[in-house]
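Student: This one is my_file21.txt, compact mmCIF, N, CA and C atoms.
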# COMPACT_ATOMS: atom_id res chain seq x y z
N MET V 1 28.97 0.99 6.21
CA MET V 1 27.56 1.10 6.50
C MET V 1 26.81 0.98 5.18
N ASN V 2 25.68 0.33 5.20
CA ASN V 2 24.90 0.10 3.98
C ASN V 2 23.61 0.91 4.01
N ILE V 3 23.36 1.65 2.92
CA ILE V 3 22.09 2.37 2.73
C ILE V 3 21.52 1.97 1.38
N PHE V 4 20.25 2.26 1.18
CA PHE V 4 19.59 1.92 -0.08
C PHE V 4 19.08 3.20 -0.73
N VAL V 5 19.52 3.43 -1.96
CA VAL V 5 19.12 4.63 -2.70
C VAL V 5 18.33 4.17 -3.92
N ASN V 6 17.05 4.55 -3.95
CA ASN V 6 16.16 4.14 -5.03
C ASN V 6 16.25 2.63 -5.27
N GLY V 7 16.31 1.89 -4.16
CA GLY V 7 16.31 0.43 -4.22
C GLY V 7 17.67 -0.21 -4.40
N GLU V 8 18.73 0.58 -4.65
CA GLU V 8 20.06 0.03 -4.85
C GLU V 8 20.90 0.19 -3.59
N SER V 9 21.65 -0.84 -3.27
CA SER V 9 22.51 -0.83 -2.10
C SER V 9 23.76 0.00 -2.36
N HIS V 10 24.14 0.83 -1.38
CA HIS V 10 25.37 1.64 -1.45
C HIS V 10 26.11 1.50 -0.13
N ASP V 11 27.39 1.22 -0.22
CA ASP V 11 28.24 1.15 0.97
C ASP V 11 28.85 2.53 1.18
N VAL V 12 28.59 3.14 2.33
CA VAL V 12 29.09 4.48 2.63
C VAL V 12 29.73 4.48 4.01
N SER V 13 30.49 5.54 4.28
CA SER V 13 31.18 5.65 5.57
C SER V 13 30.22 6.14 6.65
N GLN V 14 30.62 5.98 7.91
CA GLN V 14 29.88 6.55 9.02
C GLN V 14 29.86 8.07 8.84
N ASN V 15 28.85 8.73 9.36
CA ASN V 15 28.69 10.19 9.27
C ASN V 15 28.52 10.68 7.84
N PHE V 16 28.10 9.80 6.93
CA PHE V 16 27.82 10.16 5.54
C PHE V 16 26.54 10.97 5.52
N THR V 17 26.59 12.16 4.91
CA THR V 17 25.44 13.06 4.93
C THR V 17 24.66 13.03 3.63
N ALA V 18 23.48 13.62 3.67
CA ALA V 18 22.67 13.76 2.46
C ALA V 18 23.43 14.59 1.43
N GLU V 19 24.16 15.60 1.88
CA GLU V 19 24.97 16.41 0.96
C GLU V 19 26.06 15.56 0.32
N ASP V 20 26.69 14.68 1.09
CA ASP V 20 27.70 13.77 0.53
C ASP V 20 27.08 12.88 -0.55
N LEU V 21 25.87 12.43 -0.32
CA LEU V 21 25.19 11.58 -1.29
C LEU V 21 24.91 12.33 -2.58
N VAL V 22 24.45 13.57 -2.47
CA VAL V 22 24.19 14.39 -3.65
C VAL V 22 25.47 14.54 -4.47
N ILE V 23 26.59 14.77 -3.80
CA ILE V 23 27.87 14.90 -4.49
C ILE V 23 28.28 13.58 -5.13
N LYS V 24 28.14 12.48 -4.38
CA LYS V 24 28.51 11.15 -4.90
C LYS V 24 27.72 10.82 -6.16
N LEU V 25 26.45 11.19 -6.17
CA LEU V 25 25.58 10.89 -7.32
C LEU V 25 25.63 11.97 -8.40
N GLU V 26 26.48 12.99 -8.19
CA GLU V 26 26.65 14.10 -9.14
C GLU V 26 25.33 14.80 -9.44
N LEU V 27 24.59 15.12 -8.38
CA LEU V 27 23.30 15.79 -8.52
C LEU V 27 23.32 17.21 -7.94
N GLN V 28 24.51 17.81 -7.78
CA GLN V 28 24.62 19.11 -7.14
C GLN V 28 23.77 20.19 -7.81
N ASN V 29 23.67 20.16 -9.12
CA ASN V 29 22.93 21.21 -9.84
C ASN V 29 21.54 20.76 -10.28
N ALA V 30 21.14 19.58 -9.88
CA ALA V 30 19.83 19.05 -10.28
C ALA V 30 18.74 19.49 -9.29
N LYS V 31 17.56 19.64 -9.80
CA LYS V 31 16.39 19.91 -8.95
C LYS V 31 15.87 18.56 -8.49
N ILE V 32 16.11 18.27 -7.21
CA ILE V 32 15.75 16.96 -6.67
C ILE V 32 14.95 17.12 -5.38
N ALA V 33 14.31 16.05 -5.01
CA ALA V 33 13.68 15.91 -3.69
C ALA V 33 14.22 14.61 -3.10
N MET V 34 14.50 14.63 -1.79
CA MET V 34 15.04 13.45 -1.12
C MET V 34 14.14 13.06 0.04
N GLU V 35 13.82 11.78 0.07
CA GLU V 35 13.01 11.22 1.14
C GLU V 35 13.84 10.13 1.83
N VAL V 36 13.91 10.17 3.14
CA VAL V 36 14.64 9.17 3.92
C VAL V 36 13.66 8.50 4.85
N ASN V 37 13.47 7.21 4.66
CA ASN V 37 12.53 6.44 5.49
C ASN V 37 11.16 7.12 5.56
N LEU V 38 10.67 7.52 4.39
CA LEU V 38 9.34 8.13 4.20
C LEU V 38 9.23 9.56 4.73
N GLU V 39 10.34 10.22 5.04
CA GLU V 39 10.33 11.60 5.52
C GLU V 39 11.14 12.48 4.57
N ILE V 40 10.51 13.55 4.08
CA ILE V 40 11.19 14.48 3.19
C ILE V 40 12.25 15.24 3.97
N ILE V 41 13.45 15.33 3.38
CA ILE V 41 14.54 16.09 3.99
C ILE V 41 14.67 17.39 3.21
N PRO V 42 14.48 18.55 3.87
CA PRO V 42 14.64 19.82 3.16
C PRO V 42 16.09 19.99 2.69
N ARG V 43 16.26 20.55 1.52
CA ARG V 43 17.61 20.74 0.98
C ARG V 43 18.50 21.52 1.94
N SER V 44 17.92 22.43 2.69
CA SER V 44 18.69 23.23 3.65
C SER V 44 19.28 22.37 4.77
N GLN V 45 18.78 21.14 4.92
CA GLN V 45 19.26 20.24 5.98
C GLN V 45 20.21 19.15 5.47
N TYR V 46 20.50 19.14 4.18
CA TYR V 46 21.33 18.07 3.61
C TYR V 46 22.69 17.97 4.30
N SER V 47 23.31 19.09 4.61
CA SER V 47 24.65 19.03 5.20
C SER V 47 24.62 18.53 6.65
N ASN V 48 23.46 18.61 7.30
CA ASN V 48 23.33 18.19 8.70
C ASN V 48 22.74 16.79 8.86
N HIS V 49 22.10 16.28 7.83
CA HIS V 49 21.42 14.99 7.96
C HIS V 49 22.39 13.84 7.68
N THR V 50 22.67 13.04 8.70
CA THR V 50 23.52 11.87 8.52
C THR V 50 22.65 10.62 8.43
N PHE V 51 23.09 9.69 7.61
CA PHE V 51 22.35 8.45 7.42
C PHE V 51 22.72 7.43 8.48
N GLN V 52 21.80 6.50 8.67
CA GLN V 52 21.99 5.38 9.59
C GLN V 52 21.98 4.08 8.78
N GLU V 53 22.58 3.05 9.33
CA GLU V 53 22.61 1.74 8.69
C GLU V 53 21.20 1.34 8.25
N GLY V 54 21.07 0.94 6.99
CA GLY V 54 19.81 0.43 6.48
C GLY V 54 18.81 1.48 6.03
N ASP V 55 19.17 2.77 6.10
CA ASP V 55 18.24 3.82 5.66
C ASP V 55 17.82 3.57 4.22
N LYS V 56 16.56 3.88 3.95
CA LYS V 56 16.01 3.76 2.60
C LYS V 56 15.75 5.16 2.08
N ILE V 57 16.49 5.54 1.05
CA ILE V 57 16.44 6.88 0.48
C ILE V 57 15.83 6.81 -0.90
N GLU V 58 14.92 7.70 -1.17
CA GLU V 58 14.35 7.85 -2.50
C GLU V 58 14.70 9.25 -2.98
N ILE V 59 15.24 9.35 -4.19
CA ILE V 59 15.56 10.64 -4.78
C ILE V 59 14.81 10.73 -6.10
N VAL V 60 14.10 11.83 -6.28
CA VAL V 60 13.40 12.07 -7.53
C VAL V 60 13.91 13.40 -8.10
N ARG V 61 13.96 13.46 -9.42
CA ARG V 61 14.40 14.65 -10.13
C ARG V 61 13.21 15.31 -10.80
N ALA V 62 13.17 16.64 -10.70
CA ALA V 62 12.15 17.41 -11.40
C ALA V 62 12.57 17.54 -12.85
N ILE V 63 11.64 17.25 -13.75
CA ILE V 63 11.91 17.36 -15.17
C ILE V 63 10.88 18.30 -15.77
N GLY V 64 11.37 19.36 -16.40
CA GLY V 64 10.48 20.35 -17.01
C GLY V 64 9.99 19.86 -18.38
N GLY V 65 8.90 20.39 -18.77
CA GLY V 65 8.37 20.04 -20.07
C GLY V 65 7.16 20.92 -20.38
N GLY V 66 6.60 20.67 -21.47
CA GLY V 66 5.43 21.49 -21.78
C GLY V 66 4.76 21.07 -23.03
Show the structure stored in the file as structure tokens.

Tutor:
Amino acid sequence: MNIFVNGESHDVSQNFTAEDLVIKLELQNAKIAMEVNLEIIPRSQYSNHTFQEGDKIEIVRAIGGG
């Protein structure tokens, strides 16, 4: 199955979850926000949210500064 993450194509298995994606991208400890097809997915739902063919995912990281 093919999904797009920040504009890049990724081939993933069926039933691939948002949590699986976070692990694949090594973002487990990062402060991120994830949007799937223009809808924000709460972090509490990552383990339950499965992707569909062609989903467009945007992930942004919070960066502190001052």

Student: Using backbone DSSP assignments, extract all helix (DSSP H, G or I) residues from segment 24-62 of chain V; output them as a list in words.

Tutor: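 Those in segment 24-62 of chain V that DSSP calls helix (DSSP H, G or I) are Lys24, Arg43, Ser44 and Gln45 of chain V.
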
Student: So that I can see what lies close to segment 39-49 of chain V, please list as a JSON list (two decimals) with N, CA and C atoms, in the coordinates of the input the residues with an atom at most 8 Å from it, counting only N, CA and C atoms and leaving out residues fewer than 4 positions away in the same chain.

Tutor:
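Saved the output as out_2.json:
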[["chain", "number", "residue", "atom", "x", "y", "z"],
["V", 15, "ASN", "N", 28.85, 8.73, 9.36],
["V", 15, "ASN", "CA", 28.69, 10.19, 9.27],
["V", 15, "ASN", "C", 28.52, 10.68, 7.84],
["V", 16, "PHE", "N", 28.10, 9.80, 6.93],
["V", 16, "PHE", "CA", 27.82, 10.16, 5.54],
["V", 16, "PHE", "C", 26.54, 10.97, 5.52],
["V", 17, "THR", "N", 26.59, 12.16, 4.91],
["V", 17, "THR", "CA", 25.44, 13.06, 4.93],
["V", 17, "THR", "C", 24.66, 13.03, 3.63],
["V", 18, "ALA", "N", 23.48, 13.62, 3.67],
["V", 18, "ALA", "CA", 22.67, 13.76, 2.46],
["V", 18, "ALA", "C", 23.43, 14.59, 1.43],
["V", 19, "GLU", "N", 24.16, 15.60, 1.88],
["V", 19, "GLU", "CA", 24.97, 16.41, 0.96],
["V", 19, "GLU", "C", 26.06, 15.56, 0.32],
["V", 20, "ASP", "N", 26.69, 14.68, 1.09],
["V", 20, "ASP", "CA", 27.70, 13.77, 0.53],
["V", 20, "ASP", "C", 27.08, 12.88, -0.55],
["V", 21, "LEU", "N", 25.87, 12.43, -0.32],
["V", 21, "LEU", "CA", 25.19, 11.58, -1.29],
["V", 21, "LEU", "C", 24.91, 12.33, -2.58],
["V", 32, "ILE", "N", 16.11, 18.27, -7.21],
["V", 32, "ILE", "CA", 15.75, 16.96, -6.67],
["V", 32, "ILE", "C", 14.95, 17.12, -5.38],
["V", 33, "ALA", "N", 14.31, 16.05, -5.01],
["V", 33, "ALA", "CA", 13.68, 15.91, -3.69],
["V", 33, "ALA", "C", 14.22, 14.61, -3.10],
["V", 34, "MET", "N", 14.50, 14.63, -1.79],
["V", 34, "MET", "CA", 15.04, 13.45, -1.12],
["V", 34, "MET", "C", 14.14, 13.06, 0.04],
["V", 35, "GLU", "N", 13.82, 11.78, 0.07],
["V", 35, "GLU", "CA", 13.01, 11.22, 1.14],
["V", 35, "GLU", "C", 13.84, 10.13, 1.83],
["V", 56, "LYS", "N", 16.56, 3.88, 3.95],
["V", 56, "LYS", "CA", 16.01, 3.76, 2.60],
["V", 56, "LYS", "C", 15.75, 5.16, 2.08]]

Student: Please identify all polymer residues within 7 Å of Gly54 of chain V, counting all atoms listed in the file, omitting same-chain residues fewer than 5 positions from it, and present them as a list in words.

Tutor: Met1, Asn2, Ile3 and Phe4 of chain V

Student: Find the distance between atom CA of Glu8 of chain V and atom CA of Glu26 of chain V and write it in Å to one decimal.

Tutor: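 Interatomic distance, atom CA of Glu8 of chain V to atom CA of Glu26 of chain V: 16.1 Å.
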
Student: Quick check for you: according to DSSP on this backbone, which residues of segment 18-64 of chain V are classed as strand (DSSP E or B)? Reply as number ranges by chain.

Tutor: V: 32-36, 39-41, 50, 56-61

Student: By how many Å are atom CA of Val60 of chain V and atom CA of Lys31 of chain V apart?

Tutor: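 So the answer is 8.5 Å.
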
Student: Rounded to one decimal place, report the atom N of Gln52 of chain V-atom C of Asn37 of chain V distance in Å.

Tutor: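 Separating atom N of Gln52 of chain V from atom C of Asn37 of chain V is a distance of 11.1 Å.
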
Student: Using all atoms listed in the file, can you tell me which of V:Ile23, V:Asn29, V:Gly64, V:Ser13 comes closest to Phe51 of chain V?

Tutor: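 Nearest to Phe51 of chain V: V:Ser13.
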